[in-house]
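J.: Dropping a structure here in C-alpha cells format, bear with me for questions.
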Amino acid sequence: MTFTKTTEQSSKYDHLEKMSVQELLANINQEDKTVPYAVEKALPQIETLVTQIVAKMKLGGRLFYIGAGTSGRLGIVDASECPPTFGVPFDLVNGIIAGGDMAIRSAVENAEDNATQAWKDLQEQHITENDVVVGIAASGTTPYVIGGLEMCNKNNILTGSISCNLGSPLSETAQFPIEVIVGPEFVTGSSRMKAGTAQKLVLNMISTATMIQLGKVKGNKMVDMQLSNTKLVDRGTKMIMGEIPVSYEEAAALLKEHGSVRKAVAFYNK
C-alpha cells in the first residue's frame, strides 16, 4: 500500500486571510462536521482495541498512552480524567509525552524524533506484559511513538495506535491500529484541528467504554467518582436520592460518611 500523508495535504480552502470572521468560523465548522463520520468508520477497530484493553485490565494491567505534541497532550488529558470520573487509581491509565512533563505546556525541541526514549519512559513505569500501550500520532510517523511500540512488541506487551493517515508506519507497527481518516486540515498541516478532534473522540470512547466494562458506571451514573468539589458532592447526593428513598440531607450525610455513591447506596440496602 502506498502511504500518503493526507493530514499534510493542502487545505481545500485558500486565501484564508481574506475571509471574514464569519466565513472562517463557518468553514472550520463545516470541516469539523466530517470528523464524527470518520470516527464512525473506525468503530470496528476501536471495538477490537477496547476489548483487548478490558481483558488486560481484568488481569491487573494498566493502560498507557504515548505521544508527542498535541497527541501526547490529548493522551494525558484522557488519562488524568479517569480517576476523578471513575474513582480508579491514578496509575491505572497513564499519559506519557515526548519531552516529559515540561512538554505539556511548551514544545521540547527534537523530543518526538527520539526513537528510543519512549521505551525508557515506559520502563520507568515498570511496564509489564499485562499492560497495554497505545501510541497516538496524527501523522502515524512519529519516531518516539513508533520506537516505543516496537520495543513493546519485542517484549510481548500489547500495542494499539490512533492515527489519521491510512496505512501509516505506526499502524503497521501496532498490533491493534485505529485509523481515523479526516483528510486535509483547514489550515494546511495543522493536525491539532480535525485530527486532534478525532483523537479526542476516540480516546473518550476507549476510556469510557473500558471503565463501563469494568463496572465503574451503574445505570448511566458515575457512582465511583471522586467527590473533589461542591458540584460533584451535590451531584453524588442527588444520585443517591435517585437510588434510595431518602431526603437530600440524609443522602448528603450518607455520602459524607461512605465517600462514594456506590458505597452509600450499598450500605443503605444491606
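Naming works like this for the C-alpha cells: A, B, ... for the chains as they're shown, residue 1 at the start of each chain, ligands 1 onward in shown order.
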With the cut-off set at 12 Å and counting only C-alpha atoms, tabulate each residue of range 51-124 of chain A with an atom at most that distance from an atom of range 194-210 of chain A, showing the nearest atom pair and its distance in Å to one decimal, ordered by chain and increasing number, as JSON lines.

T.:
```
{"residue": "A:Thr51", "atom": "CA", "partner": "A:Thr210", "partner_atom": "CA", "distance": 7.9}
{"residue": "A:Gln52", "atom": "CA", "partner": "A:Thr210", "partner_atom": "CA", "distance": 9.6}
{"residue": "A:Ile53", "atom": "CA", "partner": "A:Thr210", "partner_atom": "CA", "distance": 7.2}
{"residue": "A:Val54", "atom": "CA", "partner": "A:Thr210", "partner_atom": "CA", "distance": 5.8}
{"residue": "A:Ala55", "atom": "CA", "partner": "A:Thr210", "partner_atom": "CA", "distance": 9.5}
{"residue": "A:Lys56", "atom": "CA", "partner": "A:Thr210", "partner_atom": "CA", "distance": 10.6}
{"residue": "A:Met57", "atom": "CA", "partner": "A:Thr210", "partner_atom": "CA", "distance": 8.9}
{"residue": "A:Lys58", "atom": "CA", "partner": "A:Thr210", "partner_atom": "CA", "distance": 10.4}
{"residue": "A:Arg62", "atom": "CA", "partner": "A:Thr210", "partner_atom": "CA", "distance": 11.4}
{"residue": "A:Leu63", "atom": "CA", "partner": "A:Ser207", "partner_atom": "CA", "distance": 9.3}
{"residue": "A:Phe64", "atom": "CA", "partner": "A:Ser207", "partner_atom": "CA", "distance": 11.1}
{"residue": "A:Tyr65", "atom": "CA", "partner": "A:Leu203", "partner_atom": "CA", "distance": 9.5}
{"residue": "A:Gly67", "atom": "CA", "partner": "A:Gln199", "partner_atom": "CA", "distance": 11.3}
{"residue": "A:Gly69", "atom": "CA", "partner": "A:Gly196", "partner_atom": "CA", "distance": 10.6}
{"residue": "A:Thr70", "atom": "CA", "partner": "A:Gly196", "partner_atom": "CA", "distance": 7.1}
{"residue": "A:Ser71", "atom": "CA", "partner": "A:Gly196", "partner_atom": "CA", "distance": 7.0}
{"residue": "A:Gly72", "atom": "CA", "partner": "A:Gly196", "partner_atom": "CA", "distance": 10.4}
{"residue": "A:Arg73", "atom": "CA", "partner": "A:Gly196", "partner_atom": "CA", "distance": 10.0}
{"residue": "A:Leu74", "atom": "CA", "partner": "A:Lys200", "partner_atom": "CA", "distance": 6.4}
{"residue": "A:Gly75", "atom": "CA", "partner": "A:Leu203", "partner_atom": "CA", "distance": 7.4}
{"residue": "A:Ile76", "atom": "CA", "partner": "A:Leu203", "partner_atom": "CA", "distance": 10.3}
{"residue": "A:Val77", "atom": "CA", "partner": "A:Lys200", "partner_atom": "CA", "distance": 9.0}
{"residue": "A:Asp78", "atom": "CA", "partner": "A:Leu203", "partner_atom": "CA", "distance": 6.5}
{"residue": "A:Ala79", "atom": "CA", "partner": "A:Ser207", "partner_atom": "CA", "distance": 8.0}
{"residue": "A:Ser80", "atom": "CA", "partner": "A:Ser207", "partner_atom": "CA", "distance": 10.8}
{"residue": "A:Glu81", "atom": "CA", "partner": "A:Ser207", "partner_atom": "CA", "distance": 9.3}
{"residue": "A:Cys82", "atom": "CA", "partner": "A:Ser207", "partner_atom": "CA", "distance": 7.5}
{"residue": "A:Pro83", "atom": "CA", "partner": "A:Ser207", "partner_atom": "CA", "distance": 11.0}
{"residue": "A:Thr85", "atom": "CA", "partner": "A:Thr208", "partner_atom": "CA", "distance": 9.5}
{"residue": "A:Phe86", "atom": "CA", "partner": "A:Thr208", "partner_atom": "CA", "distance": 8.9}
{"residue": "A:Val88", "atom": "CA", "partner": "A:Ser207", "partner_atom": "CA", "distance": 11.5}
{"residue": "A:Leu92", "atom": "CA", "partner": "A:Ser207", "partner_atom": "CA", "distance": 10.8}
{"residue": "A:Val93", "atom": "CA", "partner": "A:Ser207", "partner_atom": "CA", "distance": 8.4}
{"residue": "A:Asn94", "atom": "CA", "partner": "A:Ser207", "partner_atom": "CA", "distance": 11.1}
{"residue": "A:Gly95", "atom": "CA", "partner": "A:Leu203", "partner_atom": "CA", "distance": 11.4}
```

J.: Let me see the file: selected residues, N, CA and C atoms, as a JSON list (two decimals), in the first residue's frame.

T.:
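This went into selection17.json:
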```json
[["chain", "number", "residue", "atom", "x", "y", "z"],
["A", 51, "THR", "N", -11.74, -4.12, 23.57],
["A", 51, "THR", "CA", -11.90, -5.49, 24.07],
["A", 51, "THR", "C", -10.59, -6.03, 24.61],
["A", 52, "GLN", "N", -9.51, -5.74, 23.92],
["A", 52, "GLN", "CA", -8.18, -6.18, 24.37],
["A", 52, "GLN", "C", -7.77, -5.48, 25.67],
["A", 53, "ILE", "N", -8.04, -4.18, 25.75],
["A", 53, "ILE", "CA", -7.69, -3.42, 26.95],
["A", 53, "ILE", "C", -8.44, -3.93, 28.16],
["A", 54, "VAL", "N", -9.74, -4.16, 28.00],
["A", 54, "VAL", "CA", -10.56, -4.67, 29.11],
["A", 54, "VAL", "C", -10.02, -6.00, 29.61],
["A", 55, "ALA", "N", -9.69, -6.88, 28.69],
["A", 55, "ALA", "CA", -9.18, -8.19, 29.07],
["A", 55, "ALA", "C", -7.88, -8.07, 29.88],
["A", 56, "LYS", "N", -7.00, -7.18, 29.45],
["A", 56, "LYS", "CA", -5.74, -6.98, 30.16],
["A", 56, "LYS", "C", -5.96, -6.35, 31.54],
["A", 57, "MET", "N", -6.86, -5.39, 31.61],
["A", 57, "MET", "CA", -7.12, -4.74, 32.90],
["A", 57, "MET", "C", -7.74, -5.71, 33.90],
["A", 58, "LYS", "N", -8.52, -6.64, 33.42],
["A", 58, "LYS", "CA", -9.09, -7.65, 34.32],
["A", 58, "LYS", "C", -8.02, -8.58, 34.88],
["A", 62, "ARG", "N", -2.51, -2.22, 33.18],
["A", 62, "ARG", "CA", -2.74, -0.78, 33.09],
["A", 62, "ARG", "C", -2.75, -0.35, 31.62],
["A", 63, "LEU", "N", -3.20, 0.86, 31.38],
["A", 63, "LEU", "CA", -3.24, 1.43, 30.03],
["A", 63, "LEU", "C", -2.29, 2.62, 29.97],
["A", 64, "PHE", "N", -1.45, 2.63, 28.95],
["A", 64, "PHE", "CA", -0.53, 3.74, 28.73],
["A", 64, "PHE", "C", -0.80, 4.35, 27.36],
["A", 65, "TYR", "N", -0.89, 5.68, 27.32],
["A", 65, "TYR", "CA", -0.90, 6.41, 26.07],
["A", 65, "TYR", "C", 0.47, 7.06, 25.90],
["A", 67, "GLY", "N", 2.68, 9.72, 23.21],
["A", 67, "GLY", "CA", 2.55, 10.59, 22.06],
["A", 67, "GLY", "C", 3.46, 11.80, 22.19],
["A", 69, "GLY", "N", 3.71, 16.17, 21.31],
["A", 69, "GLY", "CA", 2.95, 17.36, 20.97],
["A", 69, "GLY", "C", 1.48, 17.23, 21.33],
["A", 70, "THR", "N", 0.61, 17.67, 20.40],
["A", 70, "THR", "CA", -0.83, 17.62, 20.65],
["A", 70, "THR", "C", -1.30, 16.22, 20.98],
["A", 71, "SER", "N", -0.80, 15.22, 20.28],
["A", 71, "SER", "CA", -1.21, 13.84, 20.53],
["A", 71, "SER", "C", -0.86, 13.40, 21.94],
["A", 72, "GLY", "N", 0.33, 13.76, 22.39],
["A", 72, "GLY", "CA", 0.73, 13.41, 23.75],
["A", 72, "GLY", "C", -0.12, 14.11, 24.79],
["A", 73, "ARG", "N", -0.43, 15.38, 24.53],
["A", 73, "ARG", "CA", -1.26, 16.14, 25.48],
["A", 73, "ARG", "C", -2.67, 15.57, 25.57],
["A", 74, "LEU", "N", -3.22, 15.15, 24.45],
["A", 74, "LEU", "CA", -4.56, 14.56, 24.46],
["A", 74, "LEU", "C", -4.58, 13.27, 25.27],
["A", 75, "GLY", "N", -3.54, 12.47, 25.16],
["A", 75, "GLY", "CA", -3.45, 11.26, 25.96],
["A", 75, "GLY", "C", -3.40, 11.56, 27.44],
["A", 76, "ILE", "N", -2.66, 12.59, 27.80],
["A", 76, "ILE", "CA", -2.56, 12.99, 29.21],
["A", 76, "ILE", "C", -3.91, 13.48, 29.72],
["A", 77, "VAL", "N", -4.61, 14.25, 28.92],
["A", 77, "VAL", "CA", -5.94, 14.74, 29.32],
["A", 77, "VAL", "C", -6.88, 13.57, 29.60],
["A", 78, "ASP", "N", -6.92, 12.60, 28.70],
["A", 78, "ASP", "CA", -7.82, 11.46, 28.89],
["A", 78, "ASP", "C", -7.44, 10.66, 30.12],
["A", 79, "ALA", "N", -6.15, 10.41, 30.29],
["A", 79, "ALA", "CA", -5.69, 9.64, 31.45],
["A", 79, "ALA", "C", -6.01, 10.35, 32.76],
["A", 80, "SER", "N", -5.80, 11.67, 32.79],
["A", 80, "SER", "CA", -5.97, 12.42, 34.03],
["A", 80, "SER", "C", -7.43, 12.52, 34.46],
["A", 81, "GLU", "N", -8.36, 12.32, 33.51],
["A", 81, "GLU", "CA", -9.77, 12.40, 33.85],
["A", 81, "GLU", "C", -10.33, 11.10, 34.41],
["A", 82, "CYS", "N", -9.60, 10.00, 34.25],
["A", 82, "CYS", "CA", -10.15, 8.72, 34.70],
["A", 82, "CYS", "C", -10.30, 8.60, 36.22],
["A", 83, "PRO", "N", -9.32, 9.00, 37.03],
["A", 83, "PRO", "CA", -9.50, 8.89, 38.48],
["A", 83, "PRO", "C", -10.69, 9.69, 39.02],
["A", 85, "THR", "N", -13.36, 10.78, 37.43],
["A", 85, "THR", "CA", -14.63, 10.38, 36.82],
["A", 85, "THR", "C", -15.06, 8.99, 37.28],
["A", 86, "PHE", "N", -14.11, 8.08, 37.37],
["A", 86, "PHE", "CA", -14.46, 6.68, 37.63],
["A", 86, "PHE", "C", -13.92, 6.14, 38.95],
["A", 88, "VAL", "N", -10.90, 5.41, 39.87],
["A", 88, "VAL", "CA", -9.86, 4.40, 39.73],
["A", 88, "VAL", "C", -8.53, 4.97, 40.21],
["A", 92, "LEU", "N", -3.77, 3.80, 36.88],
["A", 92, "LEU", "CA", -4.41, 2.77, 36.05],
["A", 92, "LEU", "C", -4.36, 3.16, 34.58],
["A", 93, "VAL", "N", -4.60, 4.43, 34.29],
["A", 93, "VAL", "CA", -4.50, 4.96, 32.93],
["A", 93, "VAL", "C", -3.47, 6.08, 32.97],
["A", 94, "ASN", "N", -2.46, 5.99, 32.10],
["A", 94, "ASN", "CA", -1.31, 6.89, 32.17],
["A", 94, "ASN", "C", -1.05, 7.54, 30.82],
["A", 95, "GLY", "N", -0.72, 8.81, 30.84],
["A", 95, "GLY", "CA", -0.33, 9.53, 29.64],
["A", 95, "GLY", "C", 1.14, 9.91, 29.70]]
```

J.: Assign secondary structure with DSSP using the backbone only, and return the residues of range 105-260 of chain A in strand (DSSP E) as a PyMOL selection string.

T.: chain A and resi 132-136+158-163+176-179

J.: Could you write out that same residue set with N, CA and C atoms as a compact mmCIF listing (two decimals), in the first residue's frame?

T.:
```txt
# COMPACT_ATOMS: atom_id res chain seq x y z
N VAL A 132 -1.12 -2.41 28.48
CA VAL A 132 -1.39 -2.08 27.08
C VAL A 132 -0.82 -0.70 26.79
N VAL A 133 -0.14 -0.54 25.66
CA VAL A 133 0.41 0.75 25.26
C VAL A 133 -0.24 1.17 23.94
N VAL A 134 -0.84 2.35 23.95
CA VAL A 134 -1.49 2.90 22.75
C VAL A 134 -0.69 4.11 22.30
N GLY A 135 -0.14 4.03 21.10
CA GLY A 135 0.61 5.14 20.53
C GLY A 135 -0.31 6.08 19.78
N ILE A 136 -0.17 7.38 20.03
CA ILE A 136 -1.04 8.37 19.39
C ILE A 136 -0.18 9.30 18.53
N LEU A 158 1.09 -5.73 24.70
CA LEU A 158 0.07 -5.46 23.70
C LEU A 158 0.09 -3.99 23.28
N THR A 159 -0.01 -3.75 21.97
CA THR A 159 0.07 -2.38 21.45
C THR A 159 -1.11 -2.02 20.57
N GLY A 160 -1.53 -0.77 20.69
CA GLY A 160 -2.55 -0.20 19.82
C GLY A 160 -2.08 1.15 19.34
N SER A 161 -2.83 1.75 18.44
CA SER A 161 -2.45 3.08 17.95
C SER A 161 -3.67 3.85 17.50
N ILE A 162 -3.52 5.19 17.48
CA ILE A 162 -4.54 6.08 16.94
C ILE A 162 -3.82 7.04 16.00
N SER A 163 -4.18 6.99 14.72
CA SER A 163 -3.57 7.89 13.74
C SER A 163 -4.63 8.32 12.72
N PHE A 176 -2.95 -3.51 17.18
CA PHE A 176 -4.36 -3.16 17.04
C PHE A 176 -4.49 -1.67 16.68
N PRO A 177 -4.28 -1.35 15.41
CA PRO A 177 -4.31 0.06 14.99
C PRO A 177 -5.73 0.59 14.80
N ILE A 178 -5.86 1.88 15.06
CA ILE A 178 -7.09 2.61 14.76
C ILE A 178 -6.71 3.74 13.81
N GLU A 179 -7.40 3.80 12.68
CA GLU A 179 -7.12 4.85 11.69
C GLU A 179 -8.40 5.66 11.44
```

J.: Write out as a ChimeraX atom specification which residues come within 9 Å of Gln117 in chain A when counting only C-alpha atoms, dropping same-chain ones fewer than 4 positions away.

T.: /A:98-99,111,121-122,144,147-148

J.: Give me a file of those residues, with N, CA and C atoms, as a CSV table (one decimal), in the first residue's frame.

T.:
```
chain,number,residue,atom,x,y,z
A,98,ALA,N,6.4,12.8,24.9
A,98,ALA,CA,7.8,13.0,24.5
A,98,ALA,C,8.3,14.3,25.0
A,99,GLY,N,9.4,14.3,25.7
A,99,GLY,CA,10.0,15.5,26.3
A,99,GLY,C,9.6,15.7,27.8
A,111,ALA,N,12.2,16.3,20.6
A,111,ALA,CA,11.7,15.2,21.5
A,111,ALA,C,11.0,14.1,20.7
A,121,ASP,N,11.0,5.7,29.0
A,121,ASP,CA,9.9,6.3,29.8
A,121,ASP,C,8.9,5.3,30.3
A,122,LEU,N,8.6,4.3,29.5
A,122,LEU,CA,7.8,3.2,29.9
A,122,LEU,C,8.4,2.3,30.9
A,144,TYR,N,9.3,8.8,18.1
A,144,TYR,CA,9.1,8.5,19.5
A,144,TYR,C,8.1,7.4,19.8
A,147,GLY,N,9.0,3.9,17.9
A,147,GLY,CA,10.0,3.2,18.6
A,147,GLY,C,9.5,2.6,19.9
A,148,GLY,N,8.6,3.3,20.6
A,148,GLY,CA,8.1,2.8,21.8
A,148,GLY,C,7.3,1.5,21.5
```

J.: Find the residue from A:Gly183, A:Gly100, A:Pro89, A:Gly140 that sits nearest to Thr34 in chain A; use only C-alpha atoms when measuring.

T.: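 Distance minimum relative to Thr34 in chain A lands on A:Gly183.
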
J.: Give me, as number ranges by chain, all polymer residues having an atom no more than 9 Å from Ala38 in chain A, counting only C-alpha atoms and skipping those fewer than 2 positions away in the same chain.

T.: A: 34-36, 40-42, 179-182, 198

J.: How about saving the chosen residues, C-alpha atoms kept, as a PDB file, in the first residue's frame?

T.:
```pdb
ATOM      1  CA  THR A  34     -16.911  15.477   8.996  1.00  0.00           C
ATOM      2  CA  VAL A  35     -14.905  14.159  11.947  1.00  0.00           C
ATOM      3  CA  PRO A  36     -17.558  12.019  13.704  1.00  0.00           C
ATOM      4  CA  GLU A  40     -17.736   6.007  12.762  1.00  0.00           C
ATOM      5  CA  LYS A  41     -15.849   4.182  10.010  1.00  0.00           C
ATOM      6  CA  ALA A  42     -13.195   3.189  12.560  1.00  0.00           C
ATOM      7  CA  GLU A 179      -7.125   4.852  11.695  1.00  0.00           C
ATOM      8  CA  VAL A 180      -9.480   7.846  11.521  1.00  0.00           C
ATOM      9  CA  ILE A 181      -9.019   9.417   8.097  1.00  0.00           C
ATOM     10  CA  VAL A 182     -10.081  13.037   8.434  1.00  0.00           C
ATOM     11  CA  ALA A 198     -10.757  12.775  16.060  1.00  0.00           C
TER      12      ALA A 198
END
```

J.: If you count only C-alpha atoms, which residues fall within 9 Å of range 9-18 of chain A, apart from same-chain ones fewer than 2 positions away, as number ranges by chain?

T.: A: 4-7, 20, 24, 27, 183-189

J.: Can you work out the spacing between CA of Gly215 in chain A and CA of Pro245 in chain A in Å, to one decimal?

T.: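 Taking CA of Gly215 in chain A and CA of Pro245 in chain A, their separation equals 23.7 Å.
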
J.: Quick one: pull the distance between CA of Thr141 in chain A and CA of Ala118 in chain A, Å, one decimal.

T.: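 So the answer is 14.2 Å.
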
J.: Report the distance between CA of Arg235 in chain A and CA of Asp91 in chain A in Å, rounded to one decimal place.

T.: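 CA of Asp91 in chain A lies 25.2 Å from CA of Arg235 in chain A.
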
J.: Can you pull out the residues contacting range 231-233 of chain A? Cut-off 8 Å, using only C-alpha atoms, and skip same-chain residues under 4 positions away; I want them as a PyMOL selection string.

T.: chain A and resi 226-227+237+252+255

J.: Between A:Pro143, A:Leu149, A:Leu59, A:Ala103, which residue has the minimum interatomic distance to Asn130 in chain A, considering only C-alpha atoms?

T.: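 For Asn130 in chain A, the nearest of the candidates is A:Leu59.
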
J.: Using the chain letters and numbers from this document, which residues of range 1-205 of chain A does DSSP assign to alpha helix (DSSP H), as a ChimeraX atom specification?

T.: /A:21-32,35-41,43-57,69-86,117-124,143-154,169-173,194-205

J.: Would you export the selected residues with C-alpha atoms as a short mmCIF file (atom, residue, chain, number, x, y, z; two decimals), in the first residue's frame, please?

T.:
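New file out-v4.cif:
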```
data_model
loop_
_atom_site.label_atom_id
_atom_site.label_comp_id
_atom_site.auth_asym_id
_atom_site.auth_seq_id
_atom_site.Cartn_x
_atom_site.Cartn_y
_atom_site.Cartn_z
CA VAL A 21 -14.52 36.00 10.86
CA GLN A 22 -17.95 34.62 9.97
CA GLU A 23 -16.55 32.85 6.91
CA LEU A 24 -13.62 31.42 8.88
CA LEU A 25 -15.86 30.05 11.61
CA ALA A 26 -18.40 28.61 9.17
CA ASN A 27 -15.73 26.87 7.13
CA ILE A 28 -13.92 25.47 10.15
CA ASN A 29 -17.24 24.20 11.45
CA GLN A 30 -18.01 22.65 8.07
CA GLU A 31 -14.78 20.68 8.24
CA ASP A 32 -15.33 19.71 11.88
CA VAL A 35 -14.90 14.16 11.95
CA PRO A 36 -17.56 12.02 13.70
CA TYR A 37 -18.32 10.29 10.41
CA ALA A 38 -14.64 9.45 10.01
CA VAL A 39 -14.63 8.06 13.55
CA GLU A 40 -17.74 6.01 12.76
CA LYS A 41 -15.85 4.18 10.01
CA LEU A 43 -15.64 1.77 15.14
CA PRO A 44 -14.72 -1.89 14.41
CA GLN A 45 -11.05 -1.08 15.04
CA ILE A 46 -11.90 0.80 18.23
CA GLU A 47 -14.05 -2.08 19.46
CA THR A 48 -11.24 -4.58 18.91
CA LEU A 49 -8.74 -2.49 20.87
CA VAL A 50 -11.14 -1.77 23.75
CA THR A 51 -11.90 -5.49 24.07
CA GLN A 52 -8.18 -6.18 24.37
CA ILE A 53 -7.69 -3.42 26.95
CA VAL A 54 -10.56 -4.67 29.11
CA ALA A 55 -9.18 -8.19 29.07
CA LYS A 56 -5.74 -6.98 30.16
CA MET A 57 -7.12 -4.74 32.90
CA GLY A 69 2.95 17.36 20.97
CA THR A 70 -0.83 17.62 20.65
CA SER A 71 -1.21 13.84 20.53
CA GLY A 72 0.73 13.41 23.75
CA ARG A 73 -1.26 16.14 25.48
CA LEU A 74 -4.56 14.56 24.46
CA GLY A 75 -3.45 11.26 25.96
CA ILE A 76 -2.56 12.99 29.21
CA VAL A 77 -5.94 14.74 29.32
CA ASP A 78 -7.82 11.46 28.89
CA ALA A 79 -5.69 9.64 31.45
CA SER A 80 -5.97 12.42 34.03
CA GLU A 81 -9.77 12.40 33.85
CA CYS A 82 -10.15 8.72 34.70
CA PRO A 83 -9.50 8.89 38.48
CA PRO A 84 -11.99 11.71 39.21
CA THR A 85 -14.63 10.38 36.82
CA PHE A 86 -14.46 6.68 37.63
CA GLN A 117 13.16 7.46 24.63
CA ALA A 118 9.57 6.16 24.82
CA TRP A 119 10.74 2.71 25.88
CA LYS A 120 12.91 4.30 28.59
CA ASP A 121 9.90 6.32 29.76
CA LEU A 122 7.75 3.18 29.87
CA GLN A 123 10.39 1.22 31.77
CA GLU A 124 10.37 3.92 34.44
CA PRO A 143 9.68 8.16 15.77
CA TYR A 144 9.14 8.49 19.54
CA VAL A 145 5.81 6.66 19.30
CA ILE A 146 6.83 4.06 16.71
CA GLY A 147 10.02 3.23 18.59
CA GLY A 148 8.08 2.75 21.80
CA LEU A 149 5.60 0.36 20.21
CA GLU A 150 8.37 -1.60 18.50
CA MET A 151 10.02 -2.28 21.84
CA CYS A 152 6.68 -3.18 23.42
CA ASN A 153 6.08 -5.71 20.64
CA LYS A 154 9.50 -7.23 21.27
CA PRO A 169 4.19 3.21 9.71
CA LEU A 170 2.55 3.49 13.13
CA SER A 171 -0.42 1.41 12.01
CA GLU A 172 1.96 -1.16 10.57
CA THR A 173 3.74 -1.34 13.94
CA LYS A 194 -9.64 17.78 12.77
CA ALA A 195 -7.05 15.14 13.59
CA GLY A 196 -6.86 16.33 17.20
CA THR A 197 -10.65 16.30 17.46
CA ALA A 198 -10.76 12.77 16.06
CA GLN A 199 -8.13 11.58 18.53
CA LYS A 200 -10.06 13.14 21.43
CA LEU A 201 -13.28 11.42 20.35
CA VAL A 202 -11.53 8.05 20.10
CA LEU A 203 -9.84 8.49 23.47
CA ASN A 204 -13.22 9.33 25.02
CA MET A 205 -14.58 6.09 23.59
#
```

J.: Do you know which residues are at most 6 Å from range 249-251 of chain A counting only C-alpha atoms, after dropping those on the same chain fewer than 3 positions away, and could you put them as a PyMOL selection string?

T.: chain A and resi 237+240+246+254
